[in-house]
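Student: Provided herewith is a single structure, encoded as C-alpha cells, for subsequent inquiry.
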Amino acid sequence: MMKRRSWQEYQKEIADDNYYYARSCIRQNFFPGSEKAFIDILHNDLGKDLLDDPKHSSCTGIGYHSDIVPLETIMTVVARQFSLMNDAGYKNFVTSCITSFGIYNEILATWEEFPETEERTREYLYKATGREFRKPQSLAHTSDVVFHFREEIARRARHLLVNATTGEPLKVVEHIGCHYAKIFPKSGIGGSEFPYVLAGMIESWGGEVVDYPERRHCCGFGFRNYLVQANRGYSIANSHKKLESMAPYKPDFIVANCPGCAMFLDKWQYTIAEMEGTTYGENGHGIPVLTYEEMAGLVLGYDPWTLGMQMHQVDVEPLLDKMGIEYDPAAKYLGRNGKYIGKPASAVVNCCPTDTIYDIRE
Amino acid sequence: MGKYFDMLMEEDVRMREGLHSCMNCGVCTAVCPAAEFYRYDPRQIVNTVQTRDDDAIEALLKSDTIWYCGECMSCRPRCPRGNTPGYVIQSLRRLSQRLGFFVESEKGRQQLALKRTIGENILRTGYCLVPKLVKPELHPEQGTVWQWIYDHDEEIYGQFSPVYGKEGAGALRRLDEESLAEINRIFEVSGGREMFDTIERYSDRKAREMGYEKGADQQYMMDVYQTNSNEHY
C-alpha cells in the first residue's frame with residue numbers, strides 16, 4: 001500500500017490535445033526527421049492539434065548550462081516563449097528537448113519558491129519587448145505525449161518491437177536523460193527512481209526493457225565537457241562506461257529520450273570503434289541508437305529514410321531486418337527528389353574496418 | 001570572513017536553494033560522472049563553501065575544480081539533506097566570472113570559447129547551434145555521416161524542413177528579424193550582454209598577460225578551446 005501511494009506521486013497529467021510546440025536546438029540539427037515525425041504522428045495518425053510557431057526561439061539552455069547565459073536572462077527568454085503561447089491561444093506547452101524540459105521546470109519552480117524572481121522577469125520582459133505572459137496550464141516533454149498515446153499507437157501498429165523471425169521481443173536499452181527527472185523527479189513519468197516514459201512505450205509495443213548496472217548513468221554530454229574540444233575525454237569516457245555496462249545484455253537497440261543523449265551514444269560508438277576497434281552490437285556492428293519518435297514511427301509503418309535514420313552514424317539496417325521492415329537500401333543516401341549526392345565514407349562501427357577517415361591504430 | 005559566501009547567497013537564488021546544511025556523507029560524489037574521471041569531489045566543494053572561509057573560496061573561484069562539473073544534476077535527487085551541489089557550482093561559476101577569477105585557470109578560460117560559439121550563435125540565430133557551427137574539422141567524433149550531412153546540408157535538411165535557412169514554420173528556420181531583435185533586447189536588459197562583455201574583457205586582459213600581443217584574438221580563443229594540459233586526472 002505504501003509503495004502504491006509513493007508511485008502515485010509520480011503519475012503525471014498530460015493534456016489530450018492542443019499543444020504549443022517548442023523545438024530543440026540539438027534535435028532539429030541531428031534528428032530533424034524525428035521532429036517532423038512527432039508532428040506528423042500527432043496531426044495525421046492521432047488527429048491532434050499542435051502549433052509549430054515560427055516566432056519561438058531556443059530556450060538558451062545549452063548556454064545556461066555552459067554558464068554563459070545568466071539565470072535572469074534565460075528566465076526572460078522562457079517568459080517570451082510563454083507570451084507567444086498566450087498570443088496563439090494555447091495553454092499546453094510541449095518541448096522537444098530534455099535540457100529545455102529541465103529548464104522550464106526549474107524556472108516555474110524558482111518563480112514559485114522565490115516570487116521576486118518572477119516579478120523581475122516580468123519587468124525585464126516588458127522592458128525588452130513590451131510583452132506580458134501567463135504561465136502554461138500544463139508542461140510536457142514530447143515523449144510524455146507519445147507515452148500518453150502509446151496504446152493508441154499500439155492499436156495502429158504495423159510492426160512490433162519483436163524479432164520477425166523468432167517471434168521473441170526485442171531487447172531495448174532505454175536512456176532517459178538526466179534532466180528529464182533528476183532535477184524535478186515529480187515532473188517525469190515514474191520520477192528519477194523508476195522512470196517509465198520510454199519503458200512504457202517499449203512494453204506497449206512488444207519489446208523487452210534491458211536492466212543493466214549503469215542504466216541511470218549520464219550519457220556524458222556535460223555541456224562544456226563536450227562543447228569545448230579540450231574536454232571531450234569526459235564525454236566519451238562516460239558513454240564508454242555505459243556501453244561497456246549494457247553490451248553483455250546484447251541489446252537490439254538503444255532508445256533515448258534526450259536528443260543529445262541519442263547523438264552522443266551514436267557518435268561515441270563511432271569514435272570508440274575508430275580509436276580502439278571496439279564495437280558493442282552484433283556481428284561486429286555498433287548498437288543502433290533511436291529517438292522515441294523514430295521508434296514510434298517504425299511501429300506505425302513510416303519509412304526509415306522518411307524518419308531521417310540515414311543521419312545516424314551507426315547503421316540501423318540490422319534492426320530494420322530483425323523487425324521485418326521493408327526498405328529501399330539504394331534510397332538511403334539520396335537528396336531531395338531522389339537526387340544522387342554521394343554517400344558517407346565507411347566506418348569501423350558499421351563493420352568496415354578499412355577506408356575510414358583516419359585510423360589511429362595505424 | 002564570509003565575504004564571498006554572502007555574495008553567493010545574496011546574488012544567486014540557486015545558492016539558497018542548493019545549500020542548506022551538508023553533512024558530508026559523500027553520496028553526491030559517489031554518483032557524480034565528473035568525480036569518476038576528474039580529480040573532482042563535489043562533497044569537498046560544498047564543504048569548503050560552507051566554511052565561509054574567504055581564502056579557501058577565492059582559491060576555489062580561481063581553480064580548475066569548479067569547471068569540471070557537467071551539470072547533469074545527478075547529485076540533486078540523491079542528497080539526503082536536499083542540497084544540490086550542481087546549483088552551488090553554478091553559483092560559484094557565476095561569481096568567478098563576475099569577479100574575473102575564471103581566467104586564472106585553464107578550464108575557466110574556456111568560457112571565452114563558449115561565449116564566442118554558443119553565446120554569439122544565440123544572438124545571431126536565436127538557437128544555441130546550427131549545422132554549420134558543427135565543423136567537421138573541429139568535431140572529428142561526429143563521424144563520416146556528419147561530414148556527408150555537412151557537405152550536403154540543403155539537400156538533406158530540405159527533406160525534413162520546407163524552411164531550412166528561410167523564414168516560416170519548420171526545423172532550422174531563420175528566425176524573423178523582430179523575434180531576433182526581441183531576443184537581443186532581452187540579453188541587453190537582463191544581464192546576458194553584460195555577462196558576455198565581462199567574459200571578453202577579462203579574457204582580453206589575461207591574454208595580454210599571457211603574451212598574446214593582440215589580446216583575446218582568434219588564436220587565443222582556439223588555444224583555450226583546444227589546449228588540455230592533461231593535469232586534471
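Every chain in the C-alpha cells has a letter given in the order shown (A, B, ...), and although residue numbers restart at 1 in each chain, ligands are simply numbered from 1 in the order shown.
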Quick check for you: according to DSSP on this backbone, which residues of region 54-110 of chain B are classed as helix (DSSP H, G or I)? Reply as a VMD selection string.

Tutor: chain B and resid 54 to 61 65 to 67 85 to 98 101 to 104 106 to 109

Student: Any chance you could export the current selection's N, CA and C atoms as an mmCIF file, in the first residue's frame?

Tutor:
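After the write, out-v1.cif holds the following:
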data_model
loop_
_atom_site.group_PDB
_atom_site.id
_atom_site.type_symbol
_atom_site.label_atom_id
_atom_site.label_comp_id
_atom_site.auth_asym_id
_atom_site.auth_seq_id
_atom_site.Cartn_x
_atom_site.Cartn_y
_atom_site.Cartn_z
ATOM 1 N N ASP B 54 37.049 32.949 3.314
ATOM 2 C CA ASP B 54 37.265 33.730 2.091
ATOM 3 C C ASP B 54 38.459 33.238 1.276
ATOM 4 N N ASP B 55 39.563 32.929 1.954
ATOM 5 C CA ASP B 55 40.748 32.475 1.217
ATOM 6 C C ASP B 55 40.467 31.168 0.482
ATOM 7 N N ALA B 56 39.800 30.253 1.167
ATOM 8 C CA ALA B 56 39.512 28.949 0.555
ATOM 9 C C ALA B 56 38.532 29.102 -0.605
ATOM 10 N N ILE B 57 37.519 29.958 -0.436
ATOM 11 C CA ILE B 57 36.533 30.134 -1.509
ATOM 12 C C ILE B 57 37.164 30.864 -2.695
ATOM 13 N N GLU B 58 38.025 31.849 -2.404
ATOM 14 C CA GLU B 58 38.699 32.549 -3.516
ATOM 15 C C GLU B 58 39.582 31.577 -4.308
ATOM 16 N N ALA B 59 40.255 30.695 -3.597
ATOM 17 C CA ALA B 59 41.089 29.688 -4.279
ATOM 18 C C ALA B 59 40.218 28.809 -5.188
ATOM 19 N N LEU B 60 39.033 28.489 -4.684
ATOM 20 C CA LEU B 60 38.095 27.677 -5.474
ATOM 21 C C LEU B 60 37.648 28.436 -6.733
ATOM 22 N N LEU B 61 37.344 29.717 -6.553
ATOM 23 C CA LEU B 61 36.860 30.535 -7.673
ATOM 24 C C LEU B 61 37.926 30.710 -8.757
ATOM 25 N N THR B 65 38.928 23.379 -10.575
ATOM 26 C CA THR B 65 37.989 22.440 -9.943
ATOM 27 C C THR B 65 36.524 22.735 -10.240
ATOM 28 N N ILE B 66 36.114 24.002 -10.116
ATOM 29 C CA ILE B 66 34.675 24.303 -10.263
ATOM 30 C C ILE B 66 34.201 24.133 -11.703
ATOM 31 N N TRP B 67 35.142 23.963 -12.650
ATOM 32 C CA TRP B 67 34.746 23.856 -14.063
ATOM 33 C C TRP B 67 34.649 22.418 -14.541
ATOM 34 N N PRO B 85 24.531 20.167 -5.017
ATOM 35 C CA PRO B 85 25.887 20.637 -5.314
ATOM 36 C C PRO B 85 26.001 21.259 -6.712
ATOM 37 N N GLY B 86 25.237 20.753 -7.673
ATOM 38 C CA GLY B 86 25.250 21.332 -9.027
ATOM 39 C C GLY B 86 24.825 22.791 -9.036
ATOM 40 N N TYR B 87 23.867 23.161 -8.200
ATOM 41 C CA TYR B 87 23.465 24.571 -8.102
ATOM 42 C C TYR B 87 24.578 25.404 -7.459
ATOM 43 N N VAL B 88 25.236 24.829 -6.462
ATOM 44 C CA VAL B 88 26.353 25.537 -5.806
ATOM 45 C C VAL B 88 27.445 25.824 -6.847
ATOM 46 N N ILE B 89 27.714 24.824 -7.685
ATOM 47 C CA ILE B 89 28.704 25.008 -8.757
ATOM 48 C C ILE B 89 28.277 26.130 -9.701
ATOM 49 N N GLN B 90 27.001 26.134 -10.093
ATOM 50 C CA GLN B 90 26.531 27.190 -10.996
ATOM 51 C C GLN B 90 26.730 28.577 -10.370
ATOM 52 N N SER B 91 26.471 28.669 -9.074
ATOM 53 C CA SER B 91 26.647 29.957 -8.379
ATOM 54 C C SER B 91 28.117 30.352 -8.322
ATOM 55 N N LEU B 92 28.980 29.378 -8.032
ATOM 56 C CA LEU B 92 30.418 29.654 -7.968
ATOM 57 C C LEU B 92 30.937 30.110 -9.333
ATOM 58 N N ARG B 93 30.459 29.460 -10.384
ATOM 59 C CA ARG B 93 30.921 29.818 -11.735
ATOM 60 C C ARG B 93 30.474 31.234 -12.098
ATOM 61 N N ARG B 94 29.273 31.563 -11.697
ATOM 62 C CA ARG B 94 28.773 32.910 -11.997
ATOM 63 C C ARG B 94 29.633 33.970 -11.287
ATOM 64 N N LEU B 95 29.915 33.720 -9.996
ATOM 65 C CA LEU B 95 30.709 34.685 -9.233
ATOM 66 C C LEU B 95 32.140 34.753 -9.778
ATOM 67 N N SER B 96 32.683 33.594 -10.142
ATOM 68 C CA SER B 96 34.039 33.546 -10.695
ATOM 69 C C SER B 96 34.141 34.405 -11.949
ATOM 70 N N GLN B 97 33.084 34.391 -12.760
ATOM 71 C CA GLN B 97 33.101 35.205 -13.984
ATOM 72 C C GLN B 97 32.890 36.686 -13.653
ATOM 73 N N ARG B 98 31.987 36.965 -12.726
ATOM 74 C CA ARG B 98 31.721 38.374 -12.390
ATOM 75 C C ARG B 98 32.966 39.059 -11.842
ATOM 76 N N PHE B 101 37.804 36.005 -11.902
ATOM 77 C CA PHE B 101 38.704 34.947 -11.401
ATOM 78 C C PHE B 101 38.796 33.760 -12.371
ATOM 79 N N PHE B 102 37.814 33.631 -13.265
ATOM 80 C CA PHE B 102 37.774 32.452 -14.154
ATOM 81 C C PHE B 102 39.001 32.354 -15.051
ATOM 82 N N VAL B 103 39.627 33.487 -15.376
ATOM 83 C CA VAL B 103 40.762 33.436 -16.310
ATOM 84 C C VAL B 103 42.031 32.892 -15.641
ATOM 85 N N GLU B 104 41.974 32.672 -14.335
ATOM 86 C CA GLU B 104 43.154 32.175 -13.626
ATOM 87 C C GLU B 104 43.325 30.662 -13.735
ATOM 88 N N GLU B 106 42.961 27.034 -16.419
ATOM 89 C CA GLU B 106 42.852 26.553 -17.815
ATOM 90 C C GLU B 106 41.392 26.283 -18.186
ATOM 91 N N LYS B 107 40.677 25.590 -17.310
ATOM 92 C CA LYS B 107 39.281 25.247 -17.608
ATOM 93 C C LYS B 107 38.378 26.487 -17.558
ATOM 94 N N GLY B 108 38.686 27.397 -16.650
ATOM 95 C CA GLY B 108 37.886 28.622 -16.562
ATOM 96 C C GLY B 108 38.028 29.486 -17.810
ATOM 97 N N ARG B 109 39.240 29.557 -18.348
ATOM 98 C CA ARG B 109 39.479 30.395 -19.538
ATOM 99 C C ARG B 109 38.643 29.937 -20.729
#

Student: Pick the closest to chain A from B:Gly165, B:Gly2, B:Gly18, B:Gly192: which is it, counting only C-alpha atoms?

Tutor: B:Gly192

Student: Identify, on the basis of only C-alpha atoms, every residue whose closest approach to Ala157 (chain A) does not exceed 10 Å; exclude the query and any residue fewer than 4 positions from it along the same chain; express the result as a ChimeraX atom specification.

Tutor: /A:151-153,161,205,296-301

Student: Give me the residues within 8 Å of region 71-73 of chain B as a ChimeraX atom specification, counting only C-alpha atoms and dropping any in the same chain fewer than 4 places off.

Tutor: /A:65,178-179,182-183,218,222-223 /B:77,84,86

Student: Which residues, written as a list in words, have at least one atom at most 9 Å from Phe38 (chain A), with only C-alpha atoms counted and residues fewer than 3 positions away on the same chain left out?

Tutor: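 Within the cut-off, the hits are Gly33, Ser34, Glu35, Ile41, Leu42, His43, Thr142, Val146, Glu293, Glu294, Ala296 and Gly297 of chain A.
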
Student: Which residue is closest to chain B? Choose from A:Ile202, A:Leu108, A:Cys258, A:Ala128 and count only C-alpha atoms.

Tutor: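 Smallest distance to chain B is found for A:Ala128.
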
Student: Could you check how far CA of Thr129 (chain A) sits from CA of Phe82 (chain A), in Å to one decimal?

Tutor: 13.1 Å

Student: Hey, what's within 12 Å of Gln159 (chain B) if we count only C-alpha atoms and toss same-chain stuff fewer than 3 positions away? As a ChimeraX atom specification, please?

Tutor: /A:31-33,36,305-308,310-311,333-339 /B:149,152-156,162-164,170-171

Student: Would you output that residue set with N, CA and C atoms, as a PDB file, in the first residue's frame?

Tutor:
ATOM      1  N   PHE A  31      18.399  15.335 -35.605  1.00  0.00           N
ATOM      2  CA  PHE A  31      17.262  14.445 -35.871  1.00  0.00           C
ATOM      3  C   PHE A  31      16.053  15.241 -36.378  1.00  0.00           C
ATOM      4  N   PRO A  32      16.231  15.998 -37.473  1.00  0.00           N
ATOM      5  CA  PRO A  32      15.098  16.802 -37.961  1.00  0.00           C
ATOM      6  C   PRO A  32      13.921  15.920 -38.382  1.00  0.00           C
ATOM      7  N   GLY A  33      14.225  14.693 -38.807  1.00  0.00           N
ATOM      8  CA  GLY A  33      13.152  13.770 -39.193  1.00  0.00           C
ATOM      9  C   GLY A  33      12.309  13.357 -37.994  1.00  0.00           C
ATOM     10  N   LYS A  36       9.850  16.155 -37.323  1.00  0.00           N
ATOM     11  CA  LYS A  36       8.791  16.078 -38.345  1.00  0.00           C
ATOM     12  C   LYS A  36       7.854  14.899 -38.043  1.00  0.00           C
ATOM     13  N   TRP A 305      13.810   6.103 -43.985  1.00  0.00           N
ATOM     14  CA  TRP A 305      14.551   7.261 -44.533  1.00  0.00           C
ATOM     15  C   TRP A 305      13.687   8.519 -44.434  1.00  0.00           C
ATOM     16  N   THR A 306      12.358   8.347 -44.398  1.00  0.00           N
ATOM     17  CA  THR A 306      11.480   9.496 -44.154  1.00  0.00           C
ATOM     18  C   THR A 306      11.623   9.951 -42.705  1.00  0.00           C
ATOM     19  N   LEU A 307      11.962   9.019 -41.828  1.00  0.00           N
ATOM     20  CA  LEU A 307      12.195   9.350 -40.421  1.00  0.00           C
ATOM     21  C   LEU A 307      13.582   9.970 -40.206  1.00  0.00           C
ATOM     22  N   GLY A 308      14.434   9.920 -41.235  1.00  0.00           N
ATOM     23  CA  GLY A 308      15.770  10.524 -41.112  1.00  0.00           C
ATOM     24  C   GLY A 308      16.809   9.599 -40.509  1.00  0.00           C
ATOM     25  N   GLN A 310      18.875   7.751 -41.867  1.00  0.00           N
ATOM     26  CA  GLN A 310      20.150   7.763 -42.608  1.00  0.00           C
ATOM     27  C   GLN A 310      21.127   8.764 -42.008  1.00  0.00           C
ATOM     28  N   MET A 311      20.642   9.639 -41.111  1.00  0.00           N
ATOM     29  CA  MET A 311      21.528  10.629 -40.482  1.00  0.00           C
ATOM     30  C   MET A 311      22.258  10.056 -39.271  1.00  0.00           C
ATOM     31  N   TYR A 333      20.766   7.216 -49.081  1.00  0.00           N
ATOM     32  CA  TYR A 333      21.561   8.450 -49.060  1.00  0.00           C
ATOM     33  C   TYR A 333      21.219   9.414 -50.194  1.00  0.00           C
ATOM     34  N   LEU A 334      19.992   9.377 -50.686  1.00  0.00           N
ATOM     35  CA  LEU A 334      19.615  10.288 -51.760  1.00  0.00           C
ATOM     36  C   LEU A 334      19.194  11.650 -51.197  1.00  0.00           C
ATOM     37  N   GLY A 335      19.341  12.671 -52.039  1.00  0.00           N
ATOM     38  CA  GLY A 335      18.910  14.010 -51.646  1.00  0.00           C
ATOM     39  C   GLY A 335      17.451  14.218 -51.999  1.00  0.00           C
ATOM     40  N   ARG A 336      17.060  15.494 -52.098  1.00  0.00           N
ATOM     41  CA  ARG A 336      15.659  15.806 -52.432  1.00  0.00           C
ATOM     42  C   ARG A 336      15.320  15.284 -53.819  1.00  0.00           C
ATOM     43  N   ASN A 337      14.097  14.827 -53.982  1.00  0.00           N
ATOM     44  CA  ASN A 337      13.594  14.328 -55.266  1.00  0.00           C
ATOM     45  C   ASN A 337      14.488  13.238 -55.855  1.00  0.00           C
ATOM     46  N   GLY A 338      15.068  12.437 -54.976  1.00  0.00           N
ATOM     47  CA  GLY A 338      15.865  11.297 -55.435  1.00  0.00           C
ATOM     48  C   GLY A 338      17.211  11.669 -56.034  1.00  0.00           C
ATOM     49  N   LYS A 339      17.669  12.876 -55.788  1.00  0.00           N
ATOM     50  CA  LYS A 339      18.948  13.321 -56.351  1.00  0.00           C
ATOM     51  C   LYS A 339      20.123  12.568 -55.713  1.00  0.00           C
TER      52      LYS A 339
ATOM     53  N   ILE B 149      26.494  14.975 -44.238  1.00  0.00           N
ATOM     54  CA  ILE B 149      25.382  15.908 -43.977  1.00  0.00           C
ATOM     55  C   ILE B 149      25.862  17.349 -44.122  1.00  0.00           C
ATOM     56  N   HIS B 152      26.258  18.404 -47.669  1.00  0.00           N
ATOM     57  CA  HIS B 152      25.036  18.420 -48.493  1.00  0.00           C
ATOM     58  C   HIS B 152      23.850  18.901 -47.670  1.00  0.00           C
ATOM     59  N   ASP B 153      24.072  19.893 -46.822  1.00  0.00           N
ATOM     60  CA  ASP B 153      23.049  20.266 -45.838  1.00  0.00           C
ATOM     61  C   ASP B 153      21.705  20.632 -46.463  1.00  0.00           C
ATOM     62  N   GLU B 154      21.725  21.398 -47.550  1.00  0.00           N
ATOM     63  CA  GLU B 154      20.438  21.823 -48.117  1.00  0.00           C
ATOM     64  C   GLU B 154      19.657  20.637 -48.659  1.00  0.00           C
ATOM     65  N   GLU B 155      20.354  19.702 -49.294  1.00  0.00           N
ATOM     66  CA  GLU B 155      19.686  18.513 -49.844  1.00  0.00           C
ATOM     67  C   GLU B 155      19.107  17.637 -48.734  1.00  0.00           C
ATOM     68  N   ILE B 156      19.835  17.539 -47.625  1.00  0.00           N
ATOM     69  CA  ILE B 156      19.406  16.626 -46.560  1.00  0.00           C
ATOM     70  C   ILE B 156      18.357  17.280 -45.655  1.00  0.00           C
ATOM     71  N   PRO B 162      10.639  22.469 -44.814  1.00  0.00           N
ATOM     72  CA  PRO B 162      10.431  23.298 -46.011  1.00  0.00           C
ATOM     73  C   PRO B 162      11.105  24.663 -45.898  1.00  0.00           C
ATOM     74  N   VAL B 163      11.629  24.974 -44.720  1.00  0.00           N
ATOM     75  CA  VAL B 163      12.149  26.329 -44.485  1.00  0.00           C
ATOM     76  C   VAL B 163      13.600  26.324 -43.980  1.00  0.00           C
ATOM     77  N   TYR B 164      14.403  25.353 -44.380  1.00  0.00           N
ATOM     78  CA  TYR B 164      15.795  25.317 -43.923  1.00  0.00           C
ATOM     79  C   TYR B 164      16.510  26.621 -44.321  1.00  0.00           C
ATOM     80  N   GLY B 170       9.052  25.398 -39.163  1.00  0.00           N
ATOM     81  CA  GLY B 170       9.779  24.185 -39.516  1.00  0.00           C
ATOM     82  C   GLY B 170      11.141  24.164 -38.854  1.00  0.00           C
ATOM     83  N   ALA B 171      11.819  23.021 -38.995  1.00  0.00           N
ATOM     84  CA  ALA B 171      13.132  22.855 -38.365  1.00  0.00           C
ATOM     85  C   ALA B 171      14.158  23.775 -39.017  1.00  0.00           C
TER      86      ALA B 171
END

Student: Among region 128-350 of chain A, which ones does DSSP assign to strand (DSSP E) (computed from the backbone)? Answer as JSON, numbers by chain.

Tutor: {"A": [138, 139, 140, 141, 171, 172, 173, 174, 175, 208, 209, 253, 254, 255, 256, 289, 290, 291]}

Student: Could you write out the selected residues, including N, CA and C atoms, as a tab-separated table (two decimals), in the first residue's frame?

Tutor:
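Below is the file selection-v6.tsv, written as the result:
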chain	number	residue	atom	x	y	z
A	138	SER	N	-0.28	23.34	-18.61
A	138	SER	CA	0.46	22.08	-18.47
A	138	SER	C	1.78	22.17	-19.22
A	139	LEU	N	2.74	21.42	-18.72
A	139	LEU	CA	4.07	21.38	-19.33
A	139	LEU	C	4.44	19.92	-19.53
A	140	ALA	N	4.82	19.57	-20.75
A	140	ALA	CA	5.20	18.18	-21.01
A	140	ALA	C	6.39	18.13	-21.96
A	141	HIS	N	7.12	17.03	-21.84
A	141	HIS	CA	8.12	16.74	-22.86
A	141	HIS	C	7.40	15.99	-23.98
A	171	LYS	N	15.24	-6.75	-27.34
A	171	LYS	CA	15.79	-6.26	-26.08
A	171	LYS	C	16.22	-4.80	-26.28
A	172	VAL	N	15.62	-3.93	-25.47
A	172	VAL	CA	15.82	-2.49	-25.69
A	172	VAL	C	16.42	-1.82	-24.46
A	173	VAL	N	17.52	-1.11	-24.68
A	173	VAL	CA	18.09	-0.24	-23.65
A	173	VAL	C	17.40	1.11	-23.76
A	174	GLU	N	16.83	1.59	-22.66
A	174	GLU	CA	16.22	2.91	-22.69
A	174	GLU	C	17.08	3.88	-21.88
A	175	HIS	N	17.28	5.07	-22.44
A	175	HIS	CA	18.09	6.09	-21.74
A	175	HIS	C	17.24	7.36	-21.61
A	208	GLU	N	11.17	-5.66	-24.87
A	208	GLU	CA	11.55	-6.02	-23.50
A	208	GLU	C	12.65	-5.05	-23.05
A	209	VAL	N	12.44	-4.42	-21.90
A	209	VAL	CA	13.40	-3.42	-21.41
A	209	VAL	C	14.59	-4.12	-20.76
A	253	PHE	N	18.67	-2.63	-29.66
A	253	PHE	CA	18.88	-1.21	-29.94
A	253	PHE	C	18.75	-0.40	-28.66
A	254	ILE	N	19.20	0.86	-28.76
A	254	ILE	CA	19.09	1.82	-27.65
A	254	ILE	C	18.04	2.84	-28.08
A	255	VAL	N	17.17	3.25	-27.17
A	255	VAL	CA	16.27	4.37	-27.47
A	255	VAL	C	16.50	5.44	-26.41
A	256	ALA	N	16.62	6.69	-26.87
A	256	ALA	CA	16.94	7.78	-25.95
A	256	ALA	C	15.83	8.82	-25.94
A	289	VAL	N	21.05	3.39	-32.38
A	289	VAL	CA	20.51	4.30	-31.36
A	289	VAL	C	19.35	5.07	-31.98
A	290	LEU	N	18.18	4.94	-31.39
A	290	LEU	CA	16.97	5.58	-31.94
A	290	LEU	C	16.46	6.67	-31.02
A	291	THR	N	15.75	7.61	-31.62
A	291	THR	CA	14.93	8.52	-30.82
A	291	THR	C	13.57	7.82	-30.62

Student: For Gly82 (chain B), list every protein, DNA or RNA residue within 10 Å, evaluated using only C-alpha atoms, and leave out those in the same chain fewer than 3 positions away; present the list as a PyMOL selection string.

Tutor: chain B and resi 17-22+75-79+85

Student: Export N, CA and C atoms of the chosen residues as a PDB file, in the first residue's frame?

Tutor:
ATOM      1  N   GLU B  17      18.819  27.765  -2.692  1.00  0.00           N
ATOM      2  CA  GLU B  17      18.091  26.515  -2.940  1.00  0.00           C
ATOM      3  C   GLU B  17      19.024  25.302  -2.813  1.00  0.00           C
ATOM      4  N   GLY B  18      20.288  25.509  -3.186  1.00  0.00           N
ATOM      5  CA  GLY B  18      21.202  24.375  -3.329  1.00  0.00           C
ATOM      6  C   GLY B  18      22.025  24.020  -2.112  1.00  0.00           C
ATOM      7  N   LEU B  19      22.142  24.939  -1.140  1.00  0.00           N
ATOM      8  CA  LEU B  19      22.972  24.638   0.031  1.00  0.00           C
ATOM      9  C   LEU B  19      22.234  24.957   1.324  1.00  0.00           C
ATOM     10  N   HIS B  20      21.787  23.910   1.985  1.00  0.00           N
ATOM     11  CA  HIS B  20      21.140  24.081   3.281  1.00  0.00           C
ATOM     12  C   HIS B  20      22.165  23.751   4.370  1.00  0.00           C
ATOM     13  N   SER B  21      22.432  22.486   4.517  1.00  0.00           N
ATOM     14  CA  SER B  21      23.415  22.083   5.517  1.00  0.00           C
ATOM     15  C   SER B  21      23.948  20.716   5.118  1.00  0.00           C
ATOM     16  N   CYS B  22      25.190  20.701   4.669  1.00  0.00           N
ATOM     17  CA  CYS B  22      25.797  19.456   4.182  1.00  0.00           C
ATOM     18  C   CYS B  22      26.352  18.671   5.364  1.00  0.00           C
ATOM     19  N   CYS B  75      23.427  14.643  -8.741  1.00  0.00           N
ATOM     20  CA  CYS B  75      23.571  14.830  -7.295  1.00  0.00           C
ATOM     21  C   CYS B  75      22.253  15.260  -6.641  1.00  0.00           C
ATOM     22  N   ARG B  76      21.420  15.961  -7.384  1.00  0.00           N
ATOM     23  CA  ARG B  76      20.237  16.598  -6.781  1.00  0.00           C
ATOM     24  C   ARG B  76      19.238  15.622  -6.141  1.00  0.00           C
ATOM     25  N   PRO B  77      18.818  14.575  -6.855  1.00  0.00           N
ATOM     26  CA  PRO B  77      17.825  13.701  -6.212  1.00  0.00           C
ATOM     27  C   PRO B  77      18.418  12.779  -5.146  1.00  0.00           C
ATOM     28  N   ARG B  78      19.741  12.733  -5.042  1.00  0.00           N
ATOM     29  CA  ARG B  78      20.381  11.776  -4.144  1.00  0.00           C
ATOM     30  C   ARG B  78      20.693  12.354  -2.766  1.00  0.00           C
ATOM     31  N   CYS B  79      20.816  13.665  -2.637  1.00  0.00           N
ATOM     32  CA  CYS B  79      21.267  14.244  -1.376  1.00  0.00           C
ATOM     33  C   CYS B  79      20.212  14.058  -0.282  1.00  0.00           C
ATOM     34  N   PRO B  85      24.531  20.167  -5.017  1.00  0.00           N
ATOM     35  CA  PRO B  85      25.887  20.637  -5.314  1.00  0.00           C
ATOM     36  C   PRO B  85      26.001  21.259  -6.712  1.00  0.00           C
TER      37      PRO B  85
END
